[in-house]
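S.K.: The structure's right below; bear with me while I get my questions together.
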Protein chains: 2
Amino acid sequence: MPDQPIRFDLPQSAIPTHWYNVQPDLPRPLPPVLHPGTKQPVGPADLSPLFPMALIGQEVSQEQRIEIPDEVREIYKLWRPTPLLRARRLEKALDTPAKIYYKYEGVSPSGSHKLNTAAPQAYYNKAEGVQGLTTETGAGQWGTALSQACTFFGLECVVYMVKVSYQQKPYRRVMMQTFGSTVYASPSENTNAGRSILAQHPDSTGSLGIAISEAVEAAATSGGKYKYALGSVLNHVLMHQTVIGQEALQQLEMTGDYPDVVVGCVGGGSNFAGIGLTFVHEKLKKGKNVRIVAVEPAACPSLTRGRYAYDFGDTAGMAPLVKMYTLGAQFVPPPFHAGGLRYHGMASIVCELYDQGIIEAVSVPQLDTFDAALRFAKSEGIIPAPEPSHAIAQVIREALDAREKGEARTILFNLCGHGHFDMAAYEAYLGGRLENYEYPQEDIDAAMASLPIIEA
Amino acid sequence: MPDQPIRFDLPQSAIPTHWYNVQPDLPRPLPPVLHPGTKQPVGPADLSPLFPMALIGQEVSQEQRIEIPDEVREIYKLWRPTPLLRARRLEKALDTPAKIYYKYEGVSPSGSHKLNTAAPQAYYNKAEGVQGLTTETGAGQWGTALSQACTFFGLECVVYMVKVSYQQKPYRRVMMQTFGSTVYASPSENTNAGRSILAQHPDSTGSLGIAISEAVEAAATSGGKYKYALGSVLNHVLMHQTVIGQEALQQLEMTGDYPDVVVGCVGGGSNFAGIGLTFVHEKLKKGKNVRIVAVEPAACPSLTRGRYAYDFGDTAGMAPLVKMYTLGAQFVPPPFHAGGLRYHGMASIVCELYDQGIIEAVSVPQLDTFDAALRFAKSEGIIPAPEPSHAIAQVIREALDAREKGEARTILFNLCGHGHFDMAAYEAYLGGRLENYEYPQEDIDAAMASLPIIEA
């Protein structure tokens with residue numbers, strides 16, 4: 001048996017020194033973000049109750065490279081650079097000529113890529129004298145990451161956790177509490193937004209949109225004591241994740257291969273952007289011929305079946321209006337297990353890239369994602385979270401397509417987290433208790449009827 | 001801020017090519033293992049219903065180095081070499097002059113060091129035409145690792161899981177099932193051993209000793225279809241773990257430091273041996289001045305309060321008799337959370353090293369281990385399993401002692417697994433619902449009254 005490398009490691013000195021900001025490389029500027037009340041473009045003053053000035057600056061920056069503070073790189077060293085692995089055993093199991101590489105972000109102490117942005121967000125807030133952060137979490141990966149980051153930088157952390165997850169995933173809650181966070185089931189009695197939902201729907205199991213409304217309100221009404229942190233969607237959040245793609249590019253150079261296709265799952269867009277934006281730059285600025293594919297759940301198909309329009313980021317209409325592919329802020333996705341992908345909208349950057357034809361998007365049904373996850377686990381050993389299992393399902397499609405066409409094809413995907421806190425979902429799948437969710441078009445149309453009408 | 005390295009990575013080419021066998025380095029030969037019926041030394045023929053000949057050979061080998069098969073090294077590449085990290089943030093939190101290094105085995109796909117031996121055990125069984133393996137598991141780390149290894153090599157896997165863990169840790173069970181294993185709650189109705197226990201104690205929640213009896217019986221009565229695999233205690237199992245210490249020694253060379261003290265938790269002895277035996281060799285054969293400390297739970301203190309005597313490895317008296325520090329095969333430890341350390345005996349190799357004064361042993365109470373775990377998690381980000389939290393508690397004692405004495409001290413310990421499947425224990429600790437367990441000496445004496453009397 002030849003001694004074939006499987007893992008491609010970089011030294012800690014190779015951790016990127018700068019984040020990559022895609023905004024100056026875009027064919028046209030991002031559409032402005034609008035104030036939810038006035039529907040006029042927001043300025044820094046509008047955002048300052050929620051975010052520190054450093055992050056507001058990053059949100060609109062046109063600099064292509066933004067330096068990573070030393071204090072943040074010190075935190076990154078706890079797990080970065082993350083490994084790039086070649087899935088040789090999966091390739092063999094699929095009998096494909098394709099080469100499959102994956103960047104594994106599950107080695108982070110929080111178990112996912114989310115700590116890449118949680119650390120700088122905590123750092124910048126601490127640097128501006130904020131006492132604590134509020135946030136929402138669905139599946140719990142973001143809440144865990146922010147809890148850890150707040151511990152590292154000595155900040156308080158208050159998490160509004162979607163009630164159904166709070167009940168079904170108690171261990172994610174305990175993990176946040178282990179790091180000292182206060183965790184509330186959302187909708188809660190703590191906020192006007194929560195009380196208003198509970199008055200109408202006392203049995204509400206919550207949603208990401210509701211939890212965002214609560215966390216935003218808790219920060220905005222704290223008199224400056226707390227600010228708010230979001231785990232995806234925003235430009236600066238996606239930018240922080242570009243350490244993933246920058247490292248992957250260096251690691252691929254070690255292999256001698258270059259990807260024909262780069263795959264990531266999308267919910268809010270942050271892990272997809274993390275692996276993908278580096279290759280958007282390669283494609284737009286270096287003329288590389290690379291396909292970049294966003295994979296979303298068939299049960300929450302904002303890119304493939306939504307409308308590119310202004311919409312609220314949250315349910316209560318407190319968050320700014322963003323132009324994005326959306327299913328409507330009132331859309332409540334069915335209870336499929338990839339909680340991190342259950343968002344009605346999508347990051348503005350991802351939407352603009354898709355609208356411009358620079359990236360592709362596909363959707364996959366839930367059962368395909370678990371089938372793919374099991375194949376991957378049995379070959380590679382790692383049990384993936386349900387979110388990246390969407391990417392894996394598409395990778396398998398690509399690998400089988402390459403086999404059918406007899407093509408060499410190099411595939412890179414982002415394995416953004418492990419599934420150690422998702423075993424209940426695997427149990428349901430193994431027990432035959434999961435299903436796919438499909439929508440008739442009239443249901444999608446009805447959900448989008450709530451979109452606010454914005455004069456361009 | 002200086003750019004200080006935190007992680008010391010080796011290339012995959014540095015994965016050891018041989019396991020280190022401590023037996024020829026011991027001051028005197030290990031006491032013979034005795035047949036449970038005849039009480040005479042066992043030979044290969046006695047063991048062949050349970051183990052493949054290759055492993056029986058390793059069990060008694062006097063070769064100092066045994067080559068790792070290529071097929072096993074290919075599996076090791078999925079996660080090895082594991083990182084060595086310096087806990088700079090913990091050092092700072094403790095305000096200690098000590099340097100604290102840890103080898104992190106939780107990056108394995110099974111989440112612990114157990115896959116280091118599961119892979120070769122599955123390999124050798126497959127090579128000798130065995131169809132499947134039976135085993136027991138307590139906390140589930142070993143069962144998970146063997147399930148994965150069996151998947152990799154195309155073997156069936158049947159796991160007898162201690163009933164209390166089967167009920168309290170359903171996600172570990174699901175993880176094993178995800179890899180295709182059959183998992184039974186032990187005591188079960190499948191075996192004479194299980195039925196006999198259930199007849200006397202219908203509500204038995206099981207023990208590792210009972211589960212071993214069931215797994216051994218299931219293999220021994222399968223007509224050669226199944227053999228049996230054990231996750232600790234045996235000489236070949238400890239030897240497979242020496243990849244840990246060998247890598248750590250290479251990595252410490254990168255740091256320029258040499259350990260004054262090496263720390264590992266002990267239950268059956270495998271992770272302690274994994275980090276420690278390399279340094280036993282350094283001490284005995286290279287004259288290095290290094291302390292090697294085994295840390296056991298105060299609630300299951302076989303080394304520090306047990307007797308060095310022949311005892312059965314299992315409850316039913318079907319497993320061979322081994323001379324070891326033991327609390328008696330009928331000893332049932334209280335329900336503390338480090339399930340992997342709830343064993344009445346100890347590996348023969350560890351016992352002999354302790355009896356010869358080559359290694360030290362200490363015990364720590366449960367609450368200290370969780371206090372240490374929280375300190376570690378908040379500094380280093382990783383939530384440790386309850387087992388290595390015993391090692392961490394001792395590391396903190398050493399670091400504080402170094403501070404008190406104003407001594408430089410380099411500490412190395414083995415962080416043998418993460419605590420992602422132990423969050424219920426953390427929840428109990430955070431909720432103030434955990435306690436320490438101490439024994440009056442007469443209880444220890446009573447437990448040891450069951451020891452079989454062996455003429456030397």
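Following the order of the structure tokens, chains are lettered A, B, ..., residues in each are numbered from 1, and ligands are numbered from 1.
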Report as a Markdown table: every residue of chain B with an atom at most 8 Å from chain A, its closest pair of atoms, and their distance in Å to one decimal, counting only C-alpha atoms, with rows sorted by chain and ascending residue number.

M.R.:
| residue | atom | partner | partner_atom | distance |
| --- | --- | --- | --- | --- |
| B:Met1 | CA | A:Asp70 | CA | 7.0 |
| B:Asp3 | CA | A:Glu74 | CA | 7.9 |
| B:Pro5 | CA | A:Gln12 | CA | 7.1 |
| B:Ile6 | CA | A:Lys77 | CA | 6.4 |
| B:Arg7 | CA | A:Lys77 | CA | 7.2 |
| B:Asp9 | CA | A:Pro11 | CA | 7.3 |
| B:Pro11 | CA | A:Asp9 | CA | 7.3 |
| B:Gln12 | CA | A:Pro5 | CA | 7.1 |
| B:Asp70 | CA | A:Met1 | CA | 7.0 |
| B:Glu71 | CA | A:Met1 | CA | 7.8 |
| B:Glu74 | CA | A:Asp3 | CA | 7.9 |
| B:Lys77 | CA | A:Ile6 | CA | 6.4 |
| B:Leu78 | CA | A:Ile6 | CA | 6.8 |
| B:Val107 | CA | A:Val107 | CA | 6.9 |
| B:Pro109 | CA | A:Ile382 | CA | 5.1 |
| B:Ser110 | CA | A:Gly381 | CA | 7.5 |
| B:Gln148 | CA | A:Gly381 | CA | 6.6 |
| B:Thr151 | CA | A:Lys378 | CA | 6.2 |
| B:Phe152 | CA | A:Ser379 | CA | 6.9 |
| B:Tyr171 | CA | A:Met423 | CA | 5.4 |
| B:Val174 | CA | A:Glu427 | CA | 5.8 |
| B:Met175 | CA | A:Met423 | CA | 6.8 |
| B:Thr178 | CA | A:Leu374 | CA | 7.0 |
| B:Phe179 | CA | A:Lys378 | CA | 6.1 |
| B:Leu374 | CA | A:Thr178 | CA | 7.0 |
| B:Ala377 | CA | A:Phe179 | CA | 7.5 |
| B:Lys378 | CA | A:Phe179 | CA | 6.1 |
| B:Ser379 | CA | A:Phe152 | CA | 6.9 |
| B:Glu380 | CA | A:Leu78 | CA | 7.2 |
| B:Gly381 | CA | A:Pro109 | CA | 5.3 |
| B:Ile382 | CA | A:Pro109 | CA | 5.0 |
| B:Ile383 | CA | A:Pro109 | CA | 7.7 |
| B:His420 | CA | A:His420 | CA | 6.5 |
| B:Phe421 | CA | A:His420 | CA | 7.4 |
| B:Met423 | CA | A:Tyr171 | CA | 5.4 |
| B:Ala424 | CA | A:Tyr171 | CA | 6.8 |
| B:Tyr426 | CA | A:Val174 | CA | 7.1 |
| B:Glu427 | CA | A:Val174 | CA | 5.8 |
| B:Leu430 | CA | A:Thr178 | CA | 7.4 |

S.K.: May I have the residues within 6 Å of range 310-318 of chain B as a ChimeraX atom specification, using only C-alpha atoms and disregarding those fewer than 4 positions away in the same chain?

M.R.: /B:209-210,212-213,322-323,329,451

S.K.: Give one line per residue of range 295-320 of chain B that approaches range 363-372 of chain B to at most 6 Å, naming the two atoms of the closest pair and their distance in Å to one decimal, counting only C-alpha atoms; sort by chain then ascending residue number and deliver it as a Markdown table.

M.R.:
| residue | atom | partner | partner_atom | distance |
| --- | --- | --- | --- | --- |
| B:Val295 | CA | B:Ser363 | CA | 5.4 |
| B:Glu296 | CA | B:Ser363 | CA | 4.7 |
| B:Pro297 | CA | B:Ser363 | CA | 5.3 |
| B:Ala298 | CA | B:Pro365 | CA | 5.0 |

S.K.: Please produce an output containing N, CA, C and O atoms for each residue in the selection, written as an mmCIF file, in the first residue's frame.

M.R.:
data_model
loop_
_atom_site.group_PDB
_atom_site.id
_atom_site.type_symbol
_atom_site.label_atom_id
_atom_site.label_comp_id
_atom_site.auth_asym_id
_atom_site.auth_seq_id
_atom_site.Cartn_x
_atom_site.Cartn_y
_atom_site.Cartn_z
ATOM 1 N N VAL B 295 -3.498 9.058 38.007
ATOM 2 C CA VAL B 295 -4.532 9.715 38.816
ATOM 3 C C VAL B 295 -5.815 8.910 38.732
ATOM 4 O O VAL B 295 -6.368 8.717 37.645
ATOM 5 N N GLU B 296 -6.291 8.460 39.876
ATOM 6 C CA GLU B 296 -7.500 7.647 39.877
ATOM 7 C C GLU B 296 -8.593 8.328 40.700
ATOM 8 O O GLU B 296 -8.313 9.227 41.500
ATOM 9 N N PRO B 297 -9.854 7.911 40.495
ATOM 10 C CA PRO B 297 -10.946 8.516 41.256
ATOM 11 C C PRO B 297 -10.905 8.055 42.713
ATOM 12 O O PRO B 297 -10.659 6.869 42.975
ATOM 13 N N ALA B 298 -11.157 8.963 43.631
ATOM 14 C CA ALA B 298 -11.247 8.581 45.044
ATOM 15 C C ALA B 298 -12.352 7.544 45.246
ATOM 16 O O ALA B 298 -12.313 6.774 46.209
#

S.K.: Which residues are near Ser165 in chain B? Cut-off 8 Å, only C-alpha atoms, ignore same chain within fewer than 3 positions. Put them as a PyMOL selection string.

M.R.: chain B and resi 138-140+161-162+168-170

S.K.: Would you please work out which residue, of A:Leu321, A:Cys351, A:Ile359, A:Val159, is nearest to Thr38 in chain A when using only C-alpha atoms?

M.R.: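 Closest candidate: A:Leu321.
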
S.K.: Among range 200-262 of chain B, which ones does DSSP place in strand (DSSP E or B), written as a PyMOL selection string?

M.R.: chain B and resi 226-228+261-262

S.K.: Just N, CA and C atoms for this one: save the residues we selected as a PDB file, in the first residue's frame.

M.R.:
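Just written: out-v6.pdb:
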ATOM      1  N   TYR B 226     -17.436 -15.039  16.157  1.00  0.00           N
ATOM      2  CA  TYR B 226     -17.041 -13.794  16.800  1.00  0.00           C
ATOM      3  C   TYR B 226     -15.838 -14.021  17.703  1.00  0.00           C
ATOM      4  N   LYS B 227     -14.993 -12.997  17.797  1.00  0.00           N
ATOM      5  CA  LYS B 227     -14.033 -12.960  18.872  1.00  0.00           C
ATOM      6  C   LYS B 227     -14.338 -11.730  19.723  1.00  0.00           C
ATOM      7  N   TYR B 228     -13.514 -11.554  20.744  1.00  0.00           N
ATOM      8  CA  TYR B 228     -13.803 -10.557  21.766  1.00  0.00           C
ATOM      9  C   TYR B 228     -12.719  -9.480  21.743  1.00  0.00           C
ATOM     10  N   VAL B 261       7.221  16.161  34.980  1.00  0.00           N
ATOM     11  CA  VAL B 261       6.174  15.255  35.452  1.00  0.00           C
ATOM     12  C   VAL B 261       5.201  14.974  34.300  1.00  0.00           C
ATOM     13  N   VAL B 262       4.813  13.711  34.186  1.00  0.00           N
ATOM     14  CA  VAL B 262       3.859  13.263  33.170  1.00  0.00           C
ATOM     15  C   VAL B 262       2.637  12.721  33.900  1.00  0.00           C
TER      16      VAL B 262
END

S.K.: Name the residues in contact with Leu249 in chain A at a cut-off of 10 Å, using only C-alpha atoms, excluding same-chain residues fewer than 3 positions from it; report them as a compact mmCIF listing (two decimals) with C-alpha atoms, in the first residue's frame.

M.R.:
# COMPACT_ATOMS: atom_id res chain seq x y z
CA LEU A 84 -7.50 19.96 5.03
CA ILE A 244 -11.18 29.11 6.05
CA GLY A 245 -10.79 29.60 2.31
CA GLN A 246 -7.43 31.34 2.59
CA LEU A 252 -4.39 22.77 -1.81
CA GLU A 253 -1.06 24.09 -3.07
CA MET A 254 0.54 21.40 -0.90
CA ASP A 257 -4.51 20.00 -7.02
CA TYR A 258 -6.82 22.91 -7.80
CA PRO A 259 -10.58 22.63 -7.27
CA ILE A 275 -14.81 28.52 2.00
CA THR A 278 -11.51 33.11 -1.57
CA PHE A 279 -12.45 31.26 -4.75
CA GLU A 282 -9.73 33.54 -7.69

S.K.: Skipping near chain neighbours, those fewer than 6 positions away, what residues fall within 10 Å of Val263 in chain A using only C-alpha atoms, listed as a list in words?

M.R.: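 Close residues of Val263 in chain A: Tyr102, Phe272, Ile275, Gly276, Arg291, Ile292, Val293, Ala294, Val295, Glu360, Ala361, Pro388, His390, Ala391, Ile392, Gln394, Val395, Glu398, Ile411, Leu412, Phe413, Asn414 and Leu415 of chain A.
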
S.K.: Print the selection's residues with N, CA, C and O atoms to a file, as a compact mmCIF listing (two decimals), in the first residue's frame.

M.R.:
# COMPACT_ATOMS: atom_id res chain seq x y z
N TYR A 102 -11.71 18.04 1.92
CA TYR A 102 -12.57 18.82 2.80
C TYR A 102 -11.76 19.54 3.86
O TYR A 102 -10.77 19.06 4.37
N PHE A 272 -20.49 28.98 3.99
CA PHE A 272 -20.32 28.96 2.54
C PHE A 272 -19.37 30.07 2.09
O PHE A 272 -18.46 29.86 1.29
N ILE A 275 -15.59 29.32 2.95
CA ILE A 275 -14.81 28.52 2.00
C ILE A 275 -14.86 29.14 0.61
O ILE A 275 -13.89 29.05 -0.15
N GLY A 276 -15.97 29.82 0.27
CA GLY A 276 -16.21 30.20 -1.12
C GLY A 276 -15.61 31.52 -1.57
O GLY A 276 -15.20 31.67 -2.73
N ARG A 291 -16.14 26.37 -10.29
CA ARG A 291 -17.57 26.49 -9.96
C ARG A 291 -17.68 26.58 -8.44
O ARG A 291 -16.97 25.88 -7.71
N ILE A 292 -18.59 27.42 -7.96
CA ILE A 292 -18.77 27.59 -6.51
C ILE A 292 -20.26 27.36 -6.24
O ILE A 292 -21.10 28.10 -6.75
N VAL A 293 -20.56 26.31 -5.47
CA VAL A 293 -21.94 25.83 -5.36
C VAL A 293 -22.45 25.95 -3.92
O VAL A 293 -21.88 25.37 -3.00
N ALA A 294 -23.53 26.70 -3.75
CA ALA A 294 -24.21 26.82 -2.46
C ALA A 294 -25.32 25.77 -2.39
O ALA A 294 -26.11 25.63 -3.33
N VAL A 295 -25.37 25.05 -1.27
CA VAL A 295 -26.36 23.96 -1.13
C VAL A 295 -27.30 24.30 0.01
O VAL A 295 -26.88 24.47 1.15
N GLU A 360 -23.35 29.21 -8.03
CA GLU A 360 -24.55 28.42 -8.32
C GLU A 360 -25.25 28.10 -7.01
O GLU A 360 -24.67 28.22 -5.93
N ALA A 361 -26.49 27.66 -7.11
CA ALA A 361 -27.21 27.19 -5.92
C ALA A 361 -28.04 25.96 -6.29
O ALA A 361 -28.60 25.89 -7.39
N PRO A 388 -23.61 20.65 7.33
CA PRO A 388 -22.67 20.30 6.26
C PRO A 388 -23.03 19.00 5.54
O PRO A 388 -22.48 18.74 4.47
N HIS A 390 -25.60 18.65 4.02
CA HIS A 390 -26.14 19.15 2.76
C HIS A 390 -25.03 19.30 1.73
O HIS A 390 -25.20 18.95 0.56
N ALA A 391 -23.90 19.82 2.17
CA ALA A 391 -22.76 19.94 1.25
C ALA A 391 -22.29 18.55 0.80
O ALA A 391 -22.01 18.33 -0.38
N ILE A 392 -22.25 17.63 1.76
CA ILE A 392 -21.77 16.28 1.43
C ILE A 392 -22.69 15.62 0.39
O ILE A 392 -22.22 14.95 -0.53
N GLN A 394 -24.28 17.03 -1.96
CA GLN A 394 -23.96 17.59 -3.27
C GLN A 394 -22.59 17.09 -3.75
O GLN A 394 -22.41 16.82 -4.94
N VAL A 395 -21.66 16.95 -2.83
CA VAL A 395 -20.33 16.42 -3.20
C VAL A 395 -20.48 15.01 -3.79
O VAL A 395 -19.85 14.67 -4.80
N GLU A 398 -21.73 15.22 -7.25
CA GLU A 398 -20.65 15.65 -8.16
C GLU A 398 -19.70 14.48 -8.46
O GLU A 398 -19.26 14.29 -9.59
N ILE A 411 -12.87 18.23 -6.09
CA ILE A 411 -13.96 18.83 -5.33
C ILE A 411 -13.44 19.25 -3.97
O ILE A 411 -12.75 18.48 -3.30
N LEU A 412 -13.78 20.43 -3.55
CA LEU A 412 -13.43 20.92 -2.22
C LEU A 412 -14.72 21.30 -1.51
O LEU A 412 -15.57 21.97 -2.09
N PHE A 413 -14.88 20.85 -0.26
CA PHE A 413 -16.04 21.34 0.48
C PHE A 413 -15.67 21.66 1.92
O PHE A 413 -14.62 21.26 2.42
N ASN A 414 -16.56 22.41 2.54
CA ASN A 414 -16.34 22.83 3.92
C ASN A 414 -17.17 21.96 4.86
O ASN A 414 -18.39 21.99 4.82
N LEU A 415 -16.47 21.17 5.67
CA LEU A 415 -17.15 20.40 6.71
C LEU A 415 -17.15 21.29 7.95
O LEU A 415 -16.23 21.27 8.76

S.K.: Fewer than 4 positions away in the same chain doesn't count, so skip those; otherwise give me all residues within 7 Å of Gly267 in chain B, counting only C-alpha atoms, as a list in words.

M.R.: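 The filter keeps Glu296, Gly340, Leu341, Arg342, Tyr343 and Met346 of chain B.
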
S.K.: Enter the distance from CA of Thr326 in chain B to CA of Gln167 in chain B, in Å, rounded to one decimal.

M.R.: 27.7 Å

S.K.: Looking only at the backbone, which of the residues in range 71-301 of chain B does DSSP tag as helix (DSSP H, G or I), as a PyMOL selection string?

M.R.: chain B and resi 71-76+88-94+105-107+115-127+141-153+163-168+170-178+192-200+208-220+235-240+242-255+270-286
